[in-house]
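Here is the file upload_30.pdb (PDB, C-alpha atoms and all ligand atoms).
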MODEL        1
ATOM      1  CA  ALA A1200      14.889   6.103   1.524
ATOM      2  CA  GLY A1201      16.419   5.153  -1.788
ATOM      3  CA  SER A1202      16.632   7.093  -5.022
ATOM      4  CA  GLY A1203      13.037   6.545  -6.220
ATOM      5  CA  LYS A1204      10.304   9.031  -5.375
ATOM      6  CA  PHE A1205       9.080   8.463  -1.808
ATOM      7  CA  PHE A1206       5.539   7.046  -1.724
ATOM      8  CA  VAL A1207       3.172   7.340   1.233
ATOM      9  CA  GLY A1208      -0.266   5.747   1.209
ATOM     10  CA  GLY A1209      -2.968   6.140   3.828
ATOM     11  CA  ASN A1210      -5.259   3.139   4.187
ATOM     12  CA  TRP A1211      -8.385   4.312   5.978
ATOM     13  CA  LYS A1212      -9.788   0.749   6.047
ATOM     14  CA  CYS A1213     -13.420   0.471   7.223
ATOM     15  CA  ASN A1214     -13.324   3.740   9.212
ATOM     16  CA  GLY A1215     -15.005   7.094   9.049
ATOM     17  CA  THR A1216     -18.293   8.890   8.603
ATOM     18  CA  LYS A1217     -19.250  11.700   6.210
ATOM     19  CA  ASP A1218     -18.409  14.183   8.959
ATOM     20  CA  SER A1219     -15.091  12.705  10.085
ATOM     21  CA  ILE A1220     -13.988  12.352   6.457
ATOM     22  CA  THR A1221     -14.906  15.976   5.703
ATOM     23  CA  LYS A1222     -12.615  17.004   8.579
ATOM     24  CA  LEU A1223      -9.800  14.643   7.503
ATOM     25  CA  VAL A1224      -9.907  15.892   3.898
ATOM     26  CA  SER A1225      -9.875  19.486   5.082
ATOM     27  CA  ASP A1226      -6.828  18.766   7.304
ATOM     28  CA  LEU A1227      -5.071  17.077   4.384
ATOM     29  CA  ASN A1228      -5.894  19.923   2.017
ATOM     30  CA  SER A1229      -4.334  22.446   4.360
ATOM     31  CA  ALA A1230      -1.295  20.334   5.306
ATOM     32  CA  LYS A1231       2.142  21.281   4.020
ATOM     33  CA  LEU A1232       3.419  18.233   2.148
ATOM     34  CA  GLU A1233       6.928  17.774   0.742
ATOM     35  CA  THR A1234       6.679  18.170  -3.011
ATOM     36  CA  ASP A1235       8.900  15.218  -3.850
ATOM     37  CA  VAL A1236       6.585  12.567  -2.393
ATOM     38  CA  ASP A1237       3.747  10.641  -4.023
ATOM     39  CA  VAL A1238       0.808  10.783  -1.614
ATOM     40  CA  VAL A1239      -2.218   8.530  -1.918
ATOM     41  CA  VAL A1240      -5.212   7.958   0.364
ATOM     42  CA  SER A1241      -7.570   5.015   0.306
ATOM     43  CA  PRO A1242     -11.036   5.747   1.737
ATOM     44  CA  PRO A1243     -13.820   3.185   2.107
ATOM     45  CA  PHE A1244     -15.651   2.714  -1.209
ATOM     46  CA  VAL A1245     -18.799   4.537  -0.111
ATOM     47  CA  TYR A1246     -16.834   7.740   0.554
ATOM     48  CA  LEU A1247     -14.666   7.672  -2.598
ATOM     49  CA  ASP A1248     -16.900  10.124  -4.422
ATOM     50  CA  GLN A1249     -16.904  12.534  -1.480
ATOM     51  CA  VAL A1250     -13.119  12.350  -1.207
ATOM     52  CA  THR A1251     -12.270  12.638  -4.903
ATOM     53  CA  ALA A1252     -14.632  15.622  -5.133
ATOM     54  CA  SER A1253     -13.165  17.468  -2.146
ATOM     55  CA  LEU A1254      -9.477  16.559  -1.987
ATOM     56  CA  THR A1255      -6.970  18.757  -3.832
ATOM     57  CA  GLY A1256      -5.224  17.194  -6.811
ATOM     58  CA  ARG A1257      -1.996  17.008  -4.770
ATOM     59  CA  ILE A1258      -3.141  13.710  -3.270
ATOM     60  CA  GLU A1259      -4.235  10.740  -5.366
ATOM     61  CA  VAL A1260      -6.977   8.331  -4.380
ATOM     62  CA  SER A1261      -6.934   4.539  -4.194
ATOM     63  CA  GLY A1262      -9.530   1.814  -3.827
ATOM     64  CA  GLN A1263      -9.014  -0.698  -1.007
ATOM     65  CA  ASN A1264      -9.704  -3.672  -3.284
ATOM     66  CA  SER A1265     -11.143  -4.467  -6.706
ATOM     67  CA  TRP A1266     -12.851  -7.313  -8.532
ATOM     68  CA  ILE A1267     -10.837  -9.777 -10.668
ATOM     69  CA  GLY A1268     -12.419  -8.726 -13.953
ATOM     70  CA  LYS A1269     -15.136  -6.694 -15.588
ATOM     71  CA  GLY A1270     -18.125  -5.838 -13.410
ATOM     72  CA  GLY A1271     -21.464  -7.623 -13.638
ATOM     73  CA  ALA A1272     -23.317 -10.082 -11.438
ATOM     74  CA  PHE A1273     -20.874  -9.961  -8.496
ATOM     75  CA  THR A1274     -22.807  -8.754  -5.503
ATOM     76  CA  GLY A1275     -20.811  -6.665  -3.079
ATOM     77  CA  GLU A1276     -17.827  -6.202  -5.398
ATOM     78  CA  ILE A1277     -16.377  -3.041  -6.952
ATOM     79  CA  SER A1278     -14.850  -3.127 -10.425
ATOM     80  CA  VAL A1279     -11.650  -1.534 -11.665
ATOM     81  CA  GLU A1280     -13.753   0.374 -14.224
ATOM     82  CA  GLN A1281     -15.836   1.848 -11.404
ATOM     83  CA  LEU A1282     -12.740   2.876  -9.460
ATOM     84  CA  LYS A1283     -11.383   4.617 -12.544
ATOM     85  CA  ASP A1284     -14.754   6.210 -13.266
ATOM     86  CA  ILE A1285     -14.791   7.814  -9.846
ATOM     87  CA  GLY A1286     -11.243   9.147 -10.156
ATOM     88  CA  CYS A1287      -9.050   6.521  -8.480
ATOM     89  CA  LYS A1288      -5.525   6.052  -9.778
ATOM     90  CA  TRP A1289      -4.590   3.147  -7.495
ATOM     91  CA  VAL A1290      -5.874   0.058  -5.783
ATOM     92  CA  ILE A1291      -4.508  -1.786  -2.743
ATOM     93  CA  LEU A1292      -4.379  -5.546  -3.392
ATOM     94  CA  GLY A1293      -3.379  -8.455  -1.189
ATOM     95  CA  HIS A1294      -3.746  -6.543   2.059
ATOM     96  CA  SER A1295      -3.247  -8.896   5.006
ATOM     97  CA  GLU A1296      -6.809  -8.288   6.185
ATOM     98  CA  CYS A1297      -8.077  -9.510   2.795
ATOM     99  CA  ARG A1298      -5.710 -12.473   2.865
ATOM    100  CA  HIS A1299      -6.180 -13.598   6.452
ATOM    101  CA  ILE A1300      -9.627 -12.367   7.501
ATOM    102  CA  ILE A1301     -11.502 -12.564   4.187
ATOM    103  CA  GLY A1302      -9.476 -15.518   2.855
ATOM    104  CA  GLU A1303      -8.195 -14.203  -0.483
ATOM    105  CA  ASP A1304      -5.422 -16.423  -1.835
ATOM    106  CA  ASP A1305      -2.363 -15.686  -3.972
ATOM    107  CA  GLN A1306      -3.984 -16.748  -7.229
ATOM    108  CA  PHE A1307      -7.098 -14.648  -6.688
ATOM    109  CA  ILE A1308      -4.995 -11.626  -5.730
ATOM    110  CA  GLY A1309      -2.756 -12.162  -8.767
ATOM    111  CA  LYS A1310      -5.796 -12.104 -11.068
ATOM    112  CA  LYS A1311      -6.933  -8.848  -9.512
ATOM    113  CA  ALA A1312      -3.504  -7.290  -9.981
ATOM    114  CA  ALA A1313      -3.219  -8.353 -13.612
ATOM    115  CA  TYR A1314      -6.670  -7.010 -14.411
ATOM    116  CA  ALA A1315      -6.161  -3.688 -12.621
ATOM    117  CA  LEU A1316      -2.781  -3.086 -14.268
ATOM    118  CA  ASN A1317      -4.090  -4.001 -17.717
ATOM    119  CA  GLU A1318      -6.851  -1.446 -17.226
ATOM    120  CA  GLY A1319      -4.373   1.244 -16.200
ATOM    121  CA  LEU A1320      -4.747   1.382 -12.411
ATOM    122  CA  GLY A1321      -1.631   1.465 -10.249
ATOM    123  CA  VAL A1322      -1.372  -1.411  -7.779
ATOM    124  CA  ILE A1323      -0.137  -1.262  -4.203
ATOM    125  CA  ALA A1324       0.764  -4.945  -3.890
ATOM    126  CA  CYS A1325       0.919  -6.083  -0.259
ATOM    127  CA  ILE A1326       2.991  -8.951   1.052
ATOM    128  CA  GLY A1327       4.043 -10.005   4.537
ATOM    129  CA  GLU A1328       4.447 -12.846   6.992
ATOM    130  CA  LEU A1329       2.451 -13.873  10.060
ATOM    131  CA  LEU A1330       4.140 -13.897  13.460
ATOM    132  CA  GLU A1331       4.369 -17.697  13.538
ATOM    133  CA  GLU A1332       5.923 -17.680  10.071
ATOM    134  CA  ARG A1333       8.563 -15.189  11.223
ATOM    135  CA  GLU A1334       9.245 -17.247  14.344
ATOM    136  CA  ALA A1335       9.618 -20.361  12.209
ATOM    137  CA  GLY A1336      12.223 -18.582  10.070
ATOM    138  CA  LYS A1337       9.917 -18.479   7.040
ATOM    139  CA  THR A1338       9.684 -14.724   6.493
ATOM    140  CA  PHE A1339      11.558 -14.678   3.188
ATOM    141  CA  ASP A1340       9.837 -17.816   1.863
ATOM    142  CA  VAL A1341       6.392 -16.384   2.551
ATOM    143  CA  CYS A1342       7.205 -12.996   1.050
ATOM    144  CA  PHE A1343       8.813 -14.542  -2.036
ATOM    145  CA  GLN A1344       5.837 -16.826  -2.618
ATOM    146  CA  GLN A1345       3.425 -13.893  -2.432
ATOM    147  CA  LEU A1346       5.714 -11.875  -4.676
ATOM    148  CA  LYS A1347       5.934 -14.698  -7.209
ATOM    149  CA  ALA A1348       2.132 -14.840  -7.418
ATOM    150  CA  PHE A1349       2.226 -11.209  -8.577
ATOM    151  CA  ALA A1350       5.289 -11.656 -10.800
ATOM    152  CA  ASP A1351       3.774 -14.662 -12.600
ATOM    153  CA  VAL A1352       0.822 -12.686 -13.922
ATOM    154  CA  VAL A1353       1.488  -8.946 -14.053
ATOM    155  CA  PRO A1354       1.918  -7.443 -17.519
ATOM    156  CA  SER A1355       4.583  -4.980 -16.345
ATOM    157  CA  TRP A1356       6.064  -3.537 -13.163
ATOM    158  CA  ASP A1357       5.768   0.097 -14.250
ATOM    159  CA  ASN A1358       2.734   0.790 -12.123
ATOM    160  CA  ILE A1359       3.338  -1.346  -9.040
ATOM    161  CA  VAL A1360       4.440  -0.339  -5.576
ATOM    162  CA  ILE A1361       5.256  -3.241  -3.249
ATOM    163  CA  ALA A1362       4.133  -2.844   0.353
ATOM    164  CA  TYR A1363       5.966  -5.061   2.823
ATOM    165  CA  GLU A1364       3.617  -5.345   5.765
ATOM    166  CA  PRO A1365       4.492  -7.923   8.415
ATOM    167  CA  VAL A1366       1.107  -9.074   9.699
ATOM    168  CA  TRP A1367       2.252  -8.988  13.335
ATOM    169  CA  ALA A1368       2.949  -5.269  12.954
ATOM    170  CA  ILE A1369      -0.361  -4.234  11.379
ATOM    171  CA  GLY A1370      -2.642  -2.407  13.768
ATOM    172  CA  THR A1371      -0.765  -3.819  16.757
ATOM    173  CA  GLY A1372       1.445  -0.890  17.734
ATOM    174  CA  LYS A1373       4.410  -3.298  17.319
ATOM    175  CA  VAL A1374       6.365  -1.668  14.527
ATOM    176  CA  ALA A1375       9.176  -3.612  12.837
ATOM    177  CA  THR A1376      12.579  -2.222  13.723
ATOM    178  CA  PRO A1377      14.244  -0.277  10.914
ATOM    179  CA  GLN A1378      16.708  -3.181  10.613
ATOM    180  CA  GLN A1379      13.963  -5.814  10.389
ATOM    181  CA  ALA A1380      12.178  -3.856   7.673
ATOM    182  CA  GLN A1381      15.372  -3.024   5.779
ATOM    183  CA  GLU A1382      16.424  -6.690   5.806
ATOM    184  CA  VAL A1383      13.200  -7.810   4.118
ATOM    185  CA  HIS A1384      13.214  -4.896   1.675
ATOM    186  CA  VAL A1385      16.714  -5.841   0.550
ATOM    187  CA  ALA A1386      15.647  -9.469   0.161
ATOM    188  CA  VAL A1387      12.602  -8.434  -1.891
ATOM    189  CA  ARG A1388      14.750  -6.256  -4.127
ATOM    190  CA  ASP A1389      17.192  -9.090  -4.561
ATOM    191  CA  TRP A1390      14.356 -11.465  -5.454
ATOM    192  CA  LEU A1391      13.156  -9.012  -8.114
ATOM    193  CA  LYS A1392      16.674  -8.759  -9.490
ATOM    194  CA  LYS A1393      17.030 -12.521  -9.815
ATOM    195  CA  ASN A1394      13.491 -13.313 -10.931
ATOM    196  CA  VAL A1395      12.327 -10.267 -12.878
ATOM    197  CA  SER A1396      15.145  -7.932 -13.902
ATOM    198  CA  GLU A1397      17.809  -5.659 -12.560
ATOM    199  CA  GLU A1398      15.915  -2.657 -13.883
ATOM    200  CA  VAL A1399      12.660  -3.593 -12.125
ATOM    201  CA  ALA A1400      14.577  -4.312  -8.921
ATOM    202  CA  SER A1401      16.172  -0.904  -8.890
ATOM    203  CA  LYS A1402      13.152   1.164  -9.898
ATOM    204  CA  THR A1403      10.302  -0.553  -8.010
ATOM    205  CA  ARG A1404       9.421   1.211  -4.811
ATOM    206  CA  ILE A1405       9.195  -0.996  -1.745
ATOM    207  CA  ILE A1406       7.259   0.650   1.061
ATOM    208  CA  TYR A1407       6.856  -0.511   4.647
ATOM    209  CA  GLY A1408       3.577  -0.833   6.539
ATOM    210  CA  GLY A1409       2.767  -1.870  10.095
ATOM    211  CA  SER A1410       2.178   0.551  12.967
ATOM    212  CA  VAL A1411       4.012   3.440  11.317
ATOM    213  CA  ASN A1412       3.332   6.682  13.157
ATOM    214  CA  GLY A1413       4.588  10.225  13.506
ATOM    215  CA  SER A1414       7.232   9.179  16.025
ATOM    216  CA  ASN A1415       8.787   6.114  14.378
ATOM    217  CA  CYS A1416       8.639   7.154  10.700
ATOM    218  CA  ALA A1417      11.864   9.170  10.602
ATOM    219  CA  GLU A1418      14.103   6.284  11.699
ATOM    220  CA  LEU A1419      12.437   3.916   9.239
ATOM    221  CA  ALA A1420      12.691   6.440   6.402
ATOM    222  CA  LYS A1421      16.462   6.611   6.865
ATOM    223  CA  GLN A1422      16.833   3.023   5.678
ATOM    224  CA  GLU A1423      18.174   2.845   2.174
ATOM    225  CA  ASP A1424      15.583   0.389   0.844
ATOM    226  CA  ILE A1425      12.496   1.841   2.508
ATOM    227  CA  ASP A1426      10.913   3.920  -0.249
ATOM    228  CA  GLY A1427       7.857   5.038   1.656
ATOM    229  CA  PHE A1428       5.035   3.786   3.857
ATOM    230  CA  LEU A1429       1.578   2.310   3.850
ATOM    231  CA  VAL A1430      -0.124   3.717   6.918
ATOM    232  CA  GLY A1431      -3.327   2.528   8.552
ATOM    233  CA  GLY A1432      -4.292   3.984  11.942
ATOM    234  CA  ALA A1433      -2.082   7.063  11.771
ATOM    235  CA  SER A1434      -3.476   8.013   8.354
ATOM    236  CA  LEU A1435      -6.795   8.891  10.006
ATOM    237  CA  LYS A1436      -5.163  11.921  11.614
ATOM    238  CA  GLY A1437      -4.286  14.582   9.027
ATOM    239  CA  PRO A1438      -1.385  16.289  10.838
ATOM    240  CA  GLU A1439       0.256  12.980  11.825
ATOM    241  CA  PHE A1440      -0.118  11.636   8.295
ATOM    242  CA  ALA A1441       1.561  14.824   7.019
ATOM    243  CA  THR A1442       4.460  14.214   9.415
ATOM    244  CA  ILE A1443       4.871  10.734   7.930
ATOM    245  CA  VAL A1444       4.741  12.078   4.366
ATOM    246  CA  ASN A1445       7.399  14.626   5.281
ATOM    247  CA  SER A1446       9.712  12.076   6.910
ATOM    248  CA  VAL A1447      11.470  11.452   3.587
ATOM    249  CA  THR A1448      15.232  11.794   3.930
TER     250      THR A1448
HETATM  251  C1  LIG B1501      -2.264  -1.140   6.986
HETATM  252  O1  LIG B1501      -3.450  -1.303   7.146
HETATM  253  O2  LIG B1501      -1.789  -1.277   5.871
HETATM  254  C2  LIG B1501      -1.451  -0.779   8.161
HETATM  255  C3  LIG B1501      -0.161  -0.767   8.022
HETATM  256  O3  LIG B1501      -2.103  -0.479   9.346
HETATM  257  P1  LIG B1501      -1.462   0.203  10.684
HETATM  258  O4  LIG B1501      -0.617   1.358  10.205
HETATM  259  O5  LIG B1501      -2.629   0.627  11.484
HETATM  260  O6  LIG B1501      -0.626  -0.857  11.324
ENDMDL
END

Here is a file; write its structure as structure tokens.
Amino acid sequence: AGSGKFFVGGNWKCNGTKDSITKLVSDLNSAKLETDVDVVVSPPFVYLDQVTASLTGRIEVSGQNSWIGKGGAFTGEISVEQLKDIGCKWVILGHSECRHIIGEDDQFIGKKAAYALNEGLGVIACIGELLEEREAGKTFDVCFQQLKAFADVVPSWDNIVIAYEPVWAIGTGKVATPQQAQEVHVAVRDWLKKNVSEEVASKTRIIYGGSVNGSNCAELAKQEDIDGFLVGGASLKGPEFATIVNSVT
């Protein structure tokens, strides 16, 4: 981990029931979490109210997506204003499942990020390459293009955390090696330095996501440019998620 405050997000995706979420929140509320770590969880929209009402203030809450602008006649969408109204401080944007399963493109994701930031939500901005892109030697190109789509439109970098999530590592149990992750994090930081500013490059947290669990988090957290994690599967288990939060070194 670098010098910025460690950041660990739990992306619950489309999982859970009222009962399982009651248990997860109770486990999180009683977990011992390092004080010097920002901790955020991202429940499915329909359980946001339940979670914000029952989780202690120690952990912040994030939406898993948001609409590109003000709410209105957009069936099935959730607006930034609604997320804020219900107590969210963050939103995850550009997750690989939204890019590759739902089909959201860079421009659409950029619009969402600009709108959310302008309205005062923090953005967890996800980038990452597919397996075939990595094998074709295009990892940096893909990540830089996705990064540029954010950089072109965001009003400021004060409220952005970048999540590097190689698609081949998400939900597959195939975690990137600490060296593979560190290499991309350094490249992302370098891109920010050249294309945004030295200050943004040094202060923006770059977190890793993709099959992080209680056993592999400590090695990853030792890497200088890994400033935290975005965790899917393992964030559904309170004690394991706490282990990941506490892996900061
Ligand atoms: C994610 O959804 O952002 C993620 C990293 O999932 P998992 O930890 O399950 O690979």

Exercise. Which residues come within 8 Å of range 1321-1331 of chain A, counting only C-alpha atoms, excluding same-chain residues fewer than 5 positions away, as JSON, numbers by chain?
Worked result: {"A": [1288, 1289, 1290, 1291, 1292, 1293, 1294, 1295, 1312, 1315, 1316, 1337, 1338, 1341, 1342, 1345, 1346, 1349, 1358, 1359, 1360, 1361, 1362, 1363, 1364, 1365, 1366, 1367]}

Write the residues of the preceding selection, restricted to C-alpha atoms, as a PDB file, in the coordinates of the input.
ATOM      1  CA  LYS A1288      -5.525   6.052  -9.778  1.00  0.00           C
ATOM      2  CA  TRP A1289      -4.590   3.147  -7.495  1.00  0.00           C
ATOM      3  CA  VAL A1290      -5.874   0.058  -5.783  1.00  0.00           C
ATOM      4  CA  ILE A1291      -4.508  -1.786  -2.743  1.00  0.00           C
ATOM      5  CA  LEU A1292      -4.379  -5.546  -3.392  1.00  0.00           C
ATOM      6  CA  GLY A1293      -3.379  -8.455  -1.189  1.00  0.00           C
ATOM      7  CA  HIS A1294      -3.746  -6.543   2.059  1.00  0.00           C
ATOM      8  CA  SER A1295      -3.247  -8.896   5.006  1.00  0.00           C
ATOM      9  CA  ALA A1312      -3.504  -7.290  -9.981  1.00  0.00           C
ATOM     10  CA  ALA A1315      -6.161  -3.688 -12.621  1.00  0.00           C
ATOM     11  CA  LEU A1316      -2.781  -3.086 -14.268  1.00  0.00           C
ATOM     12  CA  LYS A1337       9.917 -18.479   7.040  1.00  0.00           C
ATOM     13  CA  THR A1338       9.684 -14.724   6.493  1.00  0.00           C
ATOM     14  CA  VAL A1341       6.392 -16.384   2.551  1.00  0.00           C
ATOM     15  CA  CYS A1342       7.205 -12.996   1.050  1.00  0.00           C
ATOM     16  CA  GLN A1345       3.425 -13.893  -2.432  1.00  0.00           C
ATOM     17  CA  LEU A1346       5.714 -11.875  -4.676  1.00  0.00           C
ATOM     18  CA  PHE A1349       2.226 -11.209  -8.577  1.00  0.00           C
ATOM     19  CA  ASN A1358       2.734   0.790 -12.123  1.00  0.00           C
ATOM     20  CA  ILE A1359       3.338  -1.346  -9.040  1.00  0.00           C
ATOM     21  CA  VAL A1360       4.440  -0.339  -5.576  1.00  0.00           C
ATOM     22  CA  ILE A1361       5.256  -3.241  -3.249  1.00  0.00           C
ATOM     23  CA  ALA A1362       4.133  -2.844   0.353  1.00  0.00           C
ATOM     24  CA  TYR A1363       5.966  -5.061   2.823  1.00  0.00           C
ATOM     25  CA  GLU A1364       3.617  -5.345   5.765  1.00  0.00           C
ATOM     26  CA  PRO A1365       4.492  -7.923   8.415  1.00  0.00           C
ATOM     27  CA  VAL A1366       1.107  -9.074   9.699  1.00  0.00           C
ATOM     28  CA  TRP A1367       2.252  -8.988  13.335  1.00  0.00           C
TER      29      TRP A1367
END

For this session: Considering all atoms listed in the file, state which residue in the set A:Glu1303, A:Phe1343, A:Asp1235, A:Ser1219 is at the smallest distance from Gly1427 in chain A.
Result: A:Asp1235

For this session: Can you turn the PyMOL selection byres (((chain A and resi 1383) around 10) and not hetatm) into a concrete residue list for this file, as a PyMOL selection string?
Result: chain A and resi 1327+1338-1339+1342+1363+1365+1378-1382+1384-1389+1405+1407+1424-1425

For this session: All residues within 10 Å of ligand LIG 1501 (chain B) are required, counting only C-alpha atoms and all ligand atoms; please report them as number ranges by chain.
Result: A: 1208-1212, 1263, 1291, 1294-1296, 1325, 1362-1374, 1407-1412, 1428-1435

Exercise. So how far away is CA of Gln1422 in chain A from CA of Val1207 in chain A, in Å?
Worked result: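 Going from CA of Val1207 in chain A over to CA of Gln1422 in chain A covers 15.0 Å.
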
Exercise. Hey, which of A:Tyr1246, A:Trp1266, A:Phe1273, A:Trp1356 ends up closest to Gly1215 in chain A? Count only C-alpha atoms.
Worked result: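 Result for the nearest residue to Gly1215 in chain A: A:Tyr1246.
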